[in-house]
>>> print(open('target-v3.cif').read())   # mmCIF, C-alpha atoms and all ligand atoms
data_input
#
loop_
_atom_site.label_atom_id
_atom_site.label_comp_id
_atom_site.auth_asym_id
_atom_site.auth_seq_id
_atom_site.Cartn_x
_atom_site.Cartn_y
_atom_site.Cartn_z
CA MET J 1154 4.42 -34.27 -0.66
CA ASN J 1155 4.60 -32.29 2.53
CA ALA J 1156 2.28 -32.79 5.46
CA PRO J 1157 -0.02 -29.78 5.15
CA THR J 1158 -0.68 -30.62 1.51
CA GLN J 1159 -1.77 -34.20 2.27
CA GLU J 1160 -3.85 -32.98 5.16
CA MET J 1161 -5.53 -30.29 3.07
CA GLN J 1162 -6.21 -32.73 0.26
CA ALA J 1163 -7.86 -35.23 2.58
CA GLN J 1164 -9.89 -32.48 4.21
CA ALA J 1165 -11.06 -31.16 0.82
CA ILE J 1166 -12.27 -34.63 -0.23
CA LEU J 1167 -14.21 -34.98 3.03
CA GLU J 1168 -15.73 -31.53 2.69
CA GLN J 1169 -16.77 -32.26 -0.89
CA ALA J 1170 -18.57 -35.31 0.50
CA GLY J 1171 -20.56 -32.96 2.76
CA LEU J 1172 -18.63 -33.57 6.00
CA LYS J 1173 -17.39 -30.95 8.42
CA VAL J 1174 -13.77 -31.24 9.55
CA GLN J 1175 -12.44 -29.17 12.43
CA PRO J 1176 -9.11 -29.32 14.26
CA LEU J 1177 -9.20 -30.48 17.89
CA SER J 1178 -5.93 -28.70 18.60
CA TRP J 1179 -3.35 -26.96 16.48
CA ARG J 1180 -1.52 -30.05 15.27
CA THR J 1181 -3.34 -33.00 16.80
CA GLY J 1182 -6.72 -34.46 16.05
CA SER J 1183 -9.65 -33.56 13.84
CA GLN J 1184 -13.34 -33.80 14.60
CA VAL J 1185 -15.34 -35.15 11.67
CA ASP J 1186 -19.08 -34.44 11.65
CA GLY J 1187 -21.73 -35.55 9.22
CA LEU J 1188 -21.11 -39.29 9.05
CA ASP J 1189 -23.51 -41.92 10.31
CA LEU J 1190 -21.24 -44.73 11.43
CA THR J 1191 -24.16 -47.09 12.00
CA ARG J 1192 -24.29 -47.36 8.19
CA SER J 1193 -20.62 -47.64 7.39
CA GLU J 1194 -21.37 -49.74 4.31
CA ASP J 1195 -22.83 -46.56 2.76
CA ILE J 1196 -19.63 -44.56 3.21
CA SER J 1197 -17.84 -44.20 -0.13
CA GLU J 1198 -14.40 -45.66 -0.72
CA SER J 1199 -12.97 -42.20 -1.40
CA THR J 1200 -14.28 -40.96 1.97
CA ILE J 1201 -12.73 -43.94 3.75
CA GLU J 1202 -9.41 -43.29 2.03
CA ALA J 1203 -9.52 -39.60 2.91
CA LEU J 1204 -10.34 -40.40 6.55
CA TRP J 1205 -7.38 -42.76 6.66
CA GLN J 1206 -5.11 -40.16 5.13
CA LEU J 1207 -6.30 -37.46 7.53
CA LEU J 1208 -5.79 -39.86 10.45
CA GLY J 1209 -2.19 -40.47 9.37
CA GLU J 1210 -1.55 -36.70 9.45
CA ARG J 1211 -3.53 -35.67 12.53
CA GLY J 1212 -3.00 -38.76 14.71
CA ILE J 1213 -6.60 -38.96 15.89
CA LEU J 1214 -10.11 -38.49 14.50
CA LEU J 1215 -13.14 -37.82 16.69
CA PHE J 1216 -16.70 -38.74 15.69
CA ARG J 1217 -19.46 -37.56 18.01
CA GLN J 1218 -23.01 -38.66 18.79
CA GLN J 1219 -22.63 -42.08 17.25
CA GLN J 1220 -24.85 -44.65 18.93
CA LEU J 1221 -23.15 -47.79 17.68
CA ASP J 1222 -23.68 -51.36 18.72
CA HIS J 1223 -20.77 -53.81 18.71
CA ASP J 1224 -21.46 -55.05 15.15
CA GLN J 1225 -21.64 -51.52 13.77
CA HIS J 1226 -18.45 -50.61 15.58
CA LEU J 1227 -16.63 -53.61 14.05
CA ASN J 1228 -18.13 -53.01 10.58
CA PHE J 1229 -16.83 -49.45 10.55
CA THR J 1230 -13.40 -50.61 11.75
CA ARG J 1231 -13.19 -53.26 9.01
CA ARG J 1232 -13.63 -50.62 6.32
CA PHE J 1233 -10.00 -49.69 7.09
CA GLY J 1234 -8.49 -53.17 6.96
CA PRO J 1235 -8.26 -56.43 8.87
CA LEU J 1236 -8.65 -56.49 12.64
CA ALA J 1237 -5.69 -57.16 14.92
CA LYS J 1238 -5.45 -60.39 16.84
CA THR J 1239 -6.57 -59.60 20.34
CA GLY J 1240 -4.20 -62.04 22.05
CA LEU J 1241 -4.31 -61.50 25.78
CA LEU J 1242 -6.90 -58.77 25.48
CA GLY J 1243 -9.34 -61.47 24.36
CA ARG J 1244 -10.08 -62.17 28.01
CA HIS J 1245 -11.58 -58.69 28.23
CA ALA J 1246 -13.90 -59.13 25.26
CA PRO J 1247 -17.66 -58.72 25.70
CA PRO J 1248 -19.52 -62.03 25.28
CA GLY J 1249 -19.76 -63.03 21.60
CA TYR J 1250 -17.34 -60.32 20.41
CA PRO J 1251 -13.80 -61.67 20.65
CA ASP J 1252 -12.46 -58.77 18.54
CA LEU J 1253 -13.52 -56.09 20.99
CA PHE J 1254 -11.65 -55.04 24.12
CA LYS J 1255 -13.77 -53.81 27.02
CA VAL J 1256 -12.18 -51.00 29.01
CA THR J 1257 -14.15 -50.32 32.15
CA ASN J 1258 -13.93 -49.44 35.82
CA ILE J 1259 -17.27 -51.07 36.58
CA LYS J 1260 -16.95 -53.90 39.06
CA THR J 1261 -18.30 -57.38 38.40
CA ASP J 1262 -19.72 -59.14 41.46
CA GLY J 1263 -17.93 -56.62 43.65
CA LYS J 1264 -14.57 -57.36 42.01
CA ARG J 1265 -12.57 -54.51 40.50
CA SER J 1266 -12.13 -54.54 36.74
CA GLU J 1267 -8.73 -55.53 35.41
CA THR J 1268 -9.04 -52.83 32.76
CA GLU J 1269 -10.01 -50.04 35.15
CA ASN J 1270 -6.57 -48.58 34.65
CA ALA J 1271 -5.66 -49.90 31.19
CA ALA J 1272 -3.85 -46.75 30.10
CA GLN J 1273 -1.96 -45.96 33.27
CA GLN J 1274 1.05 -44.67 31.36
CA TRP J 1275 1.71 -43.23 27.91
CA HIS J 1276 1.80 -45.95 25.26
CA SER J 1277 1.16 -46.96 21.69
CA ASP J 1278 -1.04 -50.06 21.49
CA GLN J 1279 0.75 -53.41 21.11
CA SER J 1280 4.18 -51.83 20.61
CA PHE J 1281 5.59 -54.82 22.52
CA MET J 1282 4.67 -57.02 19.53
CA PRO J 1283 6.86 -57.44 16.43
CA VAL J 1284 3.97 -56.12 14.29
CA PRO J 1285 2.00 -53.70 16.47
CA ALA J 1286 -1.55 -52.49 15.88
CA ARG J 1287 -1.82 -49.78 13.22
CA ALA J 1288 -4.80 -48.03 14.74
CA SER J 1289 -7.47 -48.38 17.43
CA LEU J 1290 -11.06 -47.15 17.73
CA LEU J 1291 -12.37 -46.46 21.21
CA ARG J 1292 -16.10 -45.95 21.71
CA CYS J 1293 -17.52 -44.36 24.82
CA VAL J 1294 -20.67 -45.84 26.33
CA HIS J 1295 -20.47 -44.30 29.83
CA ALA J 1296 -18.19 -41.48 30.95
CA PRO J 1297 -17.65 -40.25 34.51
CA ALA J 1298 -19.51 -37.05 35.40
CA PHE J 1299 -16.14 -35.34 35.40
CA GLY J 1300 -12.73 -36.67 34.45
CA GLY J 1301 -12.07 -40.04 32.86
CA ASP J 1302 -10.29 -38.20 30.06
CA THR J 1303 -7.85 -39.67 27.56
CA MET J 1304 -4.80 -37.75 26.42
CA PHE J 1305 -3.09 -38.08 23.05
CA ALA J 1306 0.44 -37.07 22.11
CA ASN J 1307 1.53 -36.16 18.60
CA MET J 1308 4.74 -38.08 17.96
CA TYR J 1309 5.50 -36.24 14.70
CA GLN J 1310 5.67 -33.06 16.71
CA ALA J 1311 7.95 -34.69 19.27
CA CYS J 1312 10.24 -35.80 16.45
CA GLU J 1313 10.23 -32.33 14.88
CA ALA J 1314 11.11 -30.78 18.25
CA LEU J 1315 14.40 -32.71 18.40
CA SER J 1316 17.60 -31.00 17.36
CA ASP J 1317 19.06 -32.21 14.06
CA GLY J 1318 21.92 -33.72 16.04
CA LEU J 1319 19.81 -35.77 18.43
CA ARG J 1320 17.43 -36.77 15.63
CA ALA J 1321 20.36 -38.08 13.61
CA THR J 1322 21.65 -40.05 16.61
CA LEU J 1323 18.25 -41.53 17.40
CA GLY J 1324 17.79 -42.39 13.73
CA SER J 1325 20.21 -45.27 14.03
CA MET J 1326 18.97 -46.56 17.40
CA ARG J 1327 16.40 -49.14 18.43
CA ALA J 1328 14.50 -49.43 21.71
CA PHE J 1329 13.18 -52.48 23.52
CA HIS J 1330 9.39 -52.50 24.00
CA SER J 1331 7.85 -54.78 26.59
CA LEU J 1332 4.54 -54.88 28.42
CA PHE J 1333 6.39 -55.53 31.64
CA SER J 1334 9.04 -52.87 31.35
CA SER J 1335 10.77 -51.82 34.53
CA ARG J 1336 9.17 -48.39 33.99
CA THR J 1337 5.69 -49.86 34.22
CA LEU J 1338 6.53 -51.66 37.41
CA ALA J 1339 8.29 -48.65 38.93
CA GLY J 1340 5.61 -46.19 37.84
CA THR J 1341 2.60 -48.04 39.12
CA GLY J 1342 3.84 -50.84 41.30
CA ARG J 1343 1.77 -53.35 39.44
CA ARG J 1344 1.61 -55.25 36.24
CA PRO J 1345 -1.00 -54.08 33.78
CA PHE J 1346 -2.41 -57.57 33.34
CA SER J 1347 -2.24 -59.15 36.74
CA SER J 1348 -3.92 -62.36 35.70
CA VAL J 1349 -1.41 -63.26 32.96
CA LYS J 1350 -0.49 -66.90 33.32
CA GLU J 1351 2.72 -68.78 32.66
CA GLY J 1352 3.02 -69.66 28.99
CA GLU J 1353 1.21 -66.52 27.93
CA LEU J 1354 4.28 -64.51 28.77
CA GLU J 1355 5.96 -65.48 25.52
CA GLU J 1356 3.62 -63.24 23.57
CA LEU J 1357 4.70 -60.44 25.86
CA SER J 1358 8.41 -61.07 25.90
CA GLY J 1359 8.99 -57.84 24.00
CA THR J 1360 10.73 -56.71 20.86
CA PHE J 1361 12.99 -54.01 19.39
CA HIS J 1362 11.68 -51.19 17.21
CA PRO J 1363 13.47 -48.19 15.67
CA VAL J 1364 13.33 -45.13 17.91
CA LEU J 1365 12.22 -43.05 14.94
CA ARG J 1366 9.76 -44.66 12.57
CA ARG J 1367 8.63 -43.51 9.18
CA HIS J 1368 4.87 -43.61 8.86
CA GLU J 1369 3.98 -45.83 5.90
CA ASP J 1370 1.21 -43.56 4.61
CA SER J 1371 2.28 -40.03 5.44
CA GLY J 1372 5.99 -40.66 4.87
CA ARG J 1373 6.74 -38.54 7.95
CA LEU J 1374 9.09 -39.46 10.81
CA ALA J 1375 7.61 -39.98 14.28
CA LEU J 1376 9.23 -40.66 17.63
CA TYR J 1377 8.34 -44.19 18.73
CA VAL J 1378 9.16 -44.76 22.39
CA SER J 1379 6.73 -44.76 25.30
CA GLU J 1380 6.87 -44.65 29.05
CA GLN J 1381 4.81 -47.80 29.51
CA MET J 1382 6.70 -50.06 27.13
CA VAL J 1383 10.30 -48.87 26.83
CA ASP J 1384 13.05 -49.07 29.41
CA HIS J 1385 16.23 -49.28 27.35
CA PHE J 1386 17.89 -48.75 24.01
CA GLU J 1387 19.51 -51.60 22.15
CA GLY J 1388 23.02 -52.13 23.50
CA TRP J 1389 22.44 -49.73 26.42
CA THR J 1390 21.66 -50.63 30.02
CA VAL J 1391 18.44 -49.50 31.67
CA ALA J 1392 20.42 -47.04 33.80
CA GLU J 1393 22.22 -45.59 30.79
CA SER J 1394 19.00 -45.28 28.83
CA ALA J 1395 16.96 -43.65 31.59
CA PRO J 1396 18.12 -40.01 31.27
CA LEU J 1397 17.63 -39.87 27.51
CA LEU J 1398 14.32 -41.73 27.72
CA ASP J 1399 13.14 -39.36 30.44
CA TYR J 1400 13.95 -36.46 28.15
CA LEU J 1401 12.08 -38.03 25.22
CA PHE J 1402 9.01 -38.87 27.33
CA GLN J 1403 8.88 -35.35 28.68
CA LEU J 1404 9.28 -33.93 25.18
CA SER J 1405 6.49 -36.05 23.74
CA ALA J 1406 4.07 -35.23 26.57
CA ARG J 1407 4.59 -31.45 26.37
CA PRO J 1408 1.16 -29.80 26.52
CA ALA J 1409 1.70 -28.20 23.10
CA HIS J 1410 2.15 -31.69 21.64
CA THR J 1411 -1.00 -33.17 23.14
CA TYR J 1412 -4.77 -33.16 22.96
CA ARG J 1413 -6.90 -34.09 25.98
CA HIS J 1414 -10.33 -35.51 25.36
CA ARG J 1415 -13.30 -35.19 27.70
CA TRP J 1416 -15.55 -38.07 26.75
CA ALA J 1417 -19.28 -38.05 26.17
CA PRO J 1418 -21.29 -41.19 25.48
CA GLY J 1419 -21.47 -41.66 21.70
CA ASP J 1420 -17.92 -40.40 21.08
CA ILE J 1421 -15.62 -42.56 19.02
CA ILE J 1422 -11.93 -41.78 18.79
CA PHE J 1423 -9.89 -43.36 16.05
CA TRP J 1424 -6.16 -43.09 16.76
CA ASP J 1425 -3.13 -44.00 14.71
CA ASN J 1426 -0.66 -45.92 16.88
CA ARG J 1427 2.17 -45.15 14.44
CA CYS J 1428 2.18 -41.43 15.14
CA ALA J 1429 0.19 -40.94 18.37
CA MET J 1430 0.49 -42.19 21.94
CA HIS J 1431 -2.28 -42.13 24.50
CA TYR J 1432 -2.72 -42.14 28.25
CA ALA J 1433 -5.72 -41.99 30.56
CA PRO J 1434 -4.91 -40.04 33.72
CA ILE J 1435 -6.99 -41.09 36.69
CA ASP J 1436 -8.64 -37.73 37.09
CA TYR J 1437 -11.71 -38.81 39.04
CA ASP J 1438 -12.27 -40.48 42.39
CA PHE J 1439 -10.71 -43.88 41.91
CA ASP J 1440 -11.69 -44.90 45.43
CA ALA J 1441 -15.38 -44.37 44.74
CA LEU J 1442 -15.92 -46.58 41.74
CA ASP J 1443 -19.24 -47.76 43.11
CA LEU J 1444 -20.76 -44.33 42.58
CA PRO J 1445 -22.75 -44.23 39.33
CA GLU J 1446 -21.22 -40.86 38.41
CA ASN J 1447 -17.79 -42.49 38.22
CA ARG J 1448 -18.78 -45.25 35.83
CA ARG J 1449 -16.61 -45.50 32.74
CA LEU J 1450 -17.33 -48.00 29.97
CA MET J 1451 -15.58 -48.08 26.60
CA PHE J 1452 -15.05 -50.63 23.86
CA ARG J 1453 -12.02 -50.74 21.59
CA SER J 1454 -11.54 -52.32 18.21
CA THR J 1455 -8.04 -52.64 16.79
CA LEU J 1456 -6.62 -52.66 13.27
CA ALA J 1457 -3.85 -55.12 12.43
O1 LIG A 1 -9.00 -45.95 28.86
C1 LIG A 1 -8.58 -45.27 27.92
O2 LIG A 1 -8.91 -44.09 27.75
C2 LIG A 1 -7.63 -45.84 26.94
C3 LIG A 1 -7.43 -47.31 27.15
C4 LIG A 1 -6.38 -47.82 26.22
O3 LIG A 1 -5.23 -47.61 26.38
C5 LIG A 1 -6.79 -48.57 25.04
O4 LIG A 1 -7.97 -48.88 24.89
O5 LIG A 1 -5.92 -48.83 24.21
FE FE A 2 -4.05 -48.26 24.72
#
>>> encode(input="target-v3.cif", output="structure tokens")
Amino acid sequence: MNAPTQEMQAQAILEQAGLKVQPLSWRTGSQVDGLDLTRSEDISESTIEALWQLLGERGILLFRQQQLDHDQHLNFTRRFGPLAKTGLLGRHAPPGYPDLFKVTNIKTDGKRSETENAAQQWHSDQSFMPVPARASLLRCVHAPAFGGDTMFANMYQACEALSDGLRATLGSMRAFHSLFSSRTLAGTGRRPFSSVKEGELEELSGTFHPVLRRHEDSGRLALYVSEQMVDHFEGWTVAESAPLLDYLFQLSARPAHTYRHRWAPGDIIFWDNRCAMHYAPIDYDFDALDLPENRRLMFRSTLA
């Protein structure tokens, strides 16, 4: 079945259930209105399946004006499957909720937050693990008065934009994903998790994944390399890989392949890590984090 058909089918099921579905951009993202996520147990199985199917086509789903607490956030997430192990992110969980990841720039006792810049480069969550997270749900509690956006890239579109020749070549290649790739260090000058201790590094030692991956639900091919995690192809040196990787990163981040979200408290974005990447540009005054108008507070749940 081709993509538009699956997408239209999912959308029709949601509309029959009384929901409104609107595209966020031409190819990426849909806003779904009419659901009350505080009562996710009341959402029918067919609606959950259609949401999942639409997510696999559109890469992200946006729900607005949802005032969820942590339990409601996790209950909604669990409707789609088991939660991912948080691993190292567990240290950034709110008290009593080990399955949530707190992303904030709010200081604690005058100390800067380790997650203030959690998405400093394009990435797909947990791609450095042998079995990465399928999807993530990020809920906005506070957003800066301006900026604090998150960008999403449609990796199906990136794959479709390749020539047949390059797509065929990439189809037989694998790339090495690691949280401490030389690109991360070069791009930002610092490790994303500065407090990682010896012994925890094993979890982060990295792994190979195919450069093109077939999405298990949609059946479509997506490009699967990211600036934050990938610095070389299997059997290639970092220097040899760099030009082709640079090309692929630039291709995937083309404006026509992306959607940029301006957050409002109550927004929840559900993204599919198998076909979308994300990145949070620092587009507000990062030197004035003490100002209330710069406060950013989000919580993420993650599907295994
Ligand atoms: O801060 C953001 O907008 C995204 C953070 C992030 O990468 C994540 O929660 O996975
Ligand atoms: Fe992320």
>>> residues_near_ligand(input="target-v3.cif", ligand="ligand FE 2 (chain A)", cutoff="12 Å", atoms="only C-alpha atoms and all ligand atoms", output="number ranges by chain")
J: 1242, 1254-1256, 1268, 1270-1281, 1285-1291, 1303-1305, 1332, 1345, 1379, 1381-1382, 1422-1426, 1429-1433, 1451-1455
>>> atom_distance(input="target-v3.cif", atom1="atom CA of J:Tyr1412", atom2="atom CA of J:Leu1188")
22.3 Å
>>> closest_residue(input="target-v3.cif", among="J:Phe1386, J:Tyr1437, J:Trp1416, J:Phe1402", to="ligand LIG 1 (chain A)", atoms="only C-alpha atoms and all ligand atoms")
J:Trp1416
>>> closest_residue(input="target-v3.cif", among="J:Leu1214, J:Ala1298, J:His1385, J:Ala1170", to="J:Leu1442", atoms="all atoms listed in the file")
J:Ala1298
>>> atom_distance(input="target-v3.cif", atom1="atom CA of J:Asp1224", atom2="atom C4 of ligand LIG 1 (chain A)")
20.1 Å
